[in-house]
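Engineer: Quick one: this structure, given as C-alpha cells, is what I'll be asking you about.
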Amino acid sequence: MTIYDELVARGLIAQVTDEEEIKECINNGKATFYIGFDCTADSLTAGHFVTLTLMKRLQQAGNTPIALIGGGTTMIGDPSGRTDMRKMLTKEDIDHNAECFKRQMEKFIDFGEGPGKAIMVNNADWLLKLNYVELLREVGAQFSVNNMLRAECYKQRMERGLSFLEFNYMIMQSYDFYHMYQTLGCNMQFGGDDQWSNILGGTELIRKKLGKDAYGLTITLLTDSNGNKMGKTAGNAVWLDPNKTSPYEFYQYWRNVGDADVMKCIRMLTFIPLEQIEEMDKWTDGRINEAKEILAFELTKMVHGEAEAEKAQEAARALFSGAGDTAHMPSTTLTAADFTEGVIGLLDVMVKCGLAPSKKEARRLVEQGGLEINGEKAADPTVRYDSAAFTGEGLILKKGKKVFHRVVTE
C-alpha cells in the first residue's frame, strides 16, 4: 500500500486539485508541502491532531513538511468557519504563541538540517515587510472579487458583515504559497477542508504569476457522528499544553468519545496498522470500551509521554471501577479570595471547576440529579461550604457518569 492509499484508507483526504500528480509526488517523497498554523492561542488543541499526524506520516514517507507559523496572518484573522471577527492580538502575544506552538510540534515532527527534515518558518518575516501598493499591483490584480465573494470561507461572515481586514486573508494566504514556492521549492499546500478556497487561491496565483503548477489537498475535518467538530469539551478546547488540559483530562476526553466515533478516531489519529484496525472494527459490546482505552492511551502517549499516559489510564480505571483513586484526578484549588464571609456556594464551586459554564447551568445540573458530592447525590443547589469542607481529600464532584473533579483549599 502506498502512503497515498493509506491516507485514503484512513479517511484523511477530503479534496485534491490533481490527484495523479499528488499521488506521484507524495508516494515518491517529492512533496515539499506546507500547513499553516495561526497563533491565536498559546497552545495547539486536539483539533490540530489530524494535521500534526498527517505531517508525521508524510515525513516518514520521505516528504518534507513546512510548518508555517502565521505570525503575519494572525494579525488579520482567518474568517473561515466564523460568524464573528477574531480577537485582535498584539505582536508580542503572537510571538509568544508561536514559541509555544514550536515546542509542541517538535513532539510530532522531526525538525533539523538535511533532506527530509521539517522546516519551520514564520510568515511575519515576509508579510510584515510588504508595501501595500506594490502588493496590490503584483498580487491584487490576479484576484477576482466576484470569485472571492463566492468562496466558502467567507459565507458565514458575509451574513453578519465581513470586514475589509478579513477580506484580505485569502490574498495573504495565497501570497504565502507563492512566496514559499519560489524560496523553498514548496509545491503543495495542505489544510483543513474549510481552507479549500484559500488553497485554490494560492495555486491560481502561482499559475498566473509564474506559469507553474502547484497542488492543494484538504484534510477531512474531525467531527463526531452529529457533525460537531471534535477536540472540545463543555464548549472549551482540549489543549495539548498540560497546564491548560491535564494529561488525565486529555485522556478522559478521548476515553469518553461516542461509540460511533471511536474507530474513526483510531483510524485517523493513531499509527496503529490498518490491518489491526480492521480487526478492531469487528469488536462489539464491551470491547468498544477497550477500543476507547486504546485510543485515549495512544493519543495521550503521543502528546504527554508514556508515563503520563499510564498514570491517566490507571486513574481513569480506578474511578470507573469505584476505587476512588484521586491522585491524578483533575483538581481545583480554592483561595481565600474565592470565599465570601468565609463560605462559598456549591454553584460557584461548579463554575470555578469548569463543570458548568454558568451558575444557571450549574443549578439545572443539580436539580436534574446530574451531580454527586463525595459519592452522594447533590440535592440542594443553595448549599454553602466553609474552607474546612475542602481539607484533606476535599470535595469529590462527579458530573454525570464519567466526569470527576476534586476541590481543595490552599
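Following the order of the C-alpha cells, first chain is A, next is B, and so on, with residues numbered from 1 inside each chain and ligands from 1 in the order they appear.
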I'd like the contact shell of stretch 190-202 of chain A - 10 Å cut-off, only C-alpha atoms, skipping same-chain residues fewer than 5 positions apart - returned as a CSV table (one decimal) with C-alpha atoms, in the first residue's frame.

Structural biologist:
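selection_2.csv, freshly written:
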```csv
chain,number,residue,atom,x,y,z
A,12,LEU,CA,-7.9,11.7,5.8
A,13,ILE,CA,-8.3,13.2,2.4
A,14,ALA,CA,-11.3,15.4,1.5
A,15,GLN,CA,-10.4,17.2,-1.7
A,16,VAL,CA,-7.4,17.4,-4.1
A,17,THR,CA,-6.6,19.6,-7.0
A,33,PHE,CA,4.3,20.7,1.5
A,34,TYR,CA,3.2,23.3,4.0
A,35,ILE,CA,0.4,23.6,6.5
A,36,GLY,CA,-0.2,26.9,8.3
A,37,PHE,CA,-0.9,27.5,11.9
A,48,HIS,CA,-4.8,20.1,15.4
A,50,VAL,CA,-5.2,15.3,12.3
A,51,THR,CA,-2.9,17.9,10.8
A,54,LEU,CA,-0.6,13.8,8.7
A,55,MET,CA,2.6,15.8,8.6
A,78,ASP,CA,-8.9,33.9,9.3
A,80,SER,CA,-13.2,30.7,7.7
A,81,GLY,CA,-16.0,28.9,9.6
A,142,GLN,CA,-4.7,38.4,-10.1
A,143,PHE,CA,-7.9,38.0,-7.9
A,147,ASN,CA,-15.0,34.8,-7.2
A,148,MET,CA,-13.7,35.7,-3.7
A,150,ARG,CA,-18.5,33.2,-3.7
A,151,ALA,CA,-15.7,31.4,-1.7
A,152,GLU,CA,-16.9,29.1,1.1
A,153,CYS,CA,-14.5,30.6,3.6
A,154,TYR,CA,-16.4,33.9,3.5
A,169,TYR,CA,-6.9,37.0,4.3
A,170,MET,CA,-7.2,34.9,1.2
A,171,ILE,CA,-4.7,37.1,-0.6
A,172,MET,CA,-2.2,36.9,2.3
A,173,GLN,CA,-2.5,33.1,2.5
A,174,SER,CA,-2.1,32.8,-1.3
A,175,TYR,CA,0.9,35.0,-1.1
A,176,ASP,CA,2.5,32.7,1.5
A,177,PHE,CA,2.2,29.8,-1.0
A,178,TYR,CA,3.6,32.0,-3.9
A,179,HIS,CA,6.5,33.1,-1.7
A,181,TYR,CA,7.1,28.1,-3.9
A,207,ARG,CA,-0.1,29.6,-12.2
A,208,LYS,CA,-0.9,33.2,-13.2
A,214,ALA,CA,1.3,23.7,-7.6
A,215,TYR,CA,-1.1,21.5,-5.8
A,216,GLY,CA,-3.5,21.5,-2.9
A,217,LEU,CA,-5.1,18.9,-0.7
A,218,THR,CA,-7.6,19.3,2.1
A,219,ILE,CA,-7.8,17.1,5.2
A,220,THR,CA,-11.1,15.7,6.4
A,221,LEU,CA,-12.3,17.7,9.4
A,222,LEU,CA,-12.5,15.6,12.6
```

Engineer: Step one, run DSSP on the backbone; step two, keep only residues of stretch 155-399 of chain A assigned to helix (DSSP H, G or I); then write them as a VMD selection string.

Structural biologist: chain A and resid 155 to 160 164 to 167 169 to 184 193 to 210 247 to 255 262 to 269 274 to 280 286 to 304 306 to 321 336 to 338 346 to 353 359 to 367 387 to 390

Engineer: Just the strand (DSSP E or B) stuff from stretch 113-246 of chain A, please, per backbone DSSP, written as a ChimeraX atom specification.

Structural biologist: /A:118-122,188-192,215-219,223,229,232-233,236-237,239

Engineer: Which of these residues is nearest to A:Arg137, using only C-alpha atoms: A:Lys209, A:Met1, A:Cys100, A:Asp285?

Structural biologist: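 Closest residue, counting only C-alpha atoms: A:Lys209.
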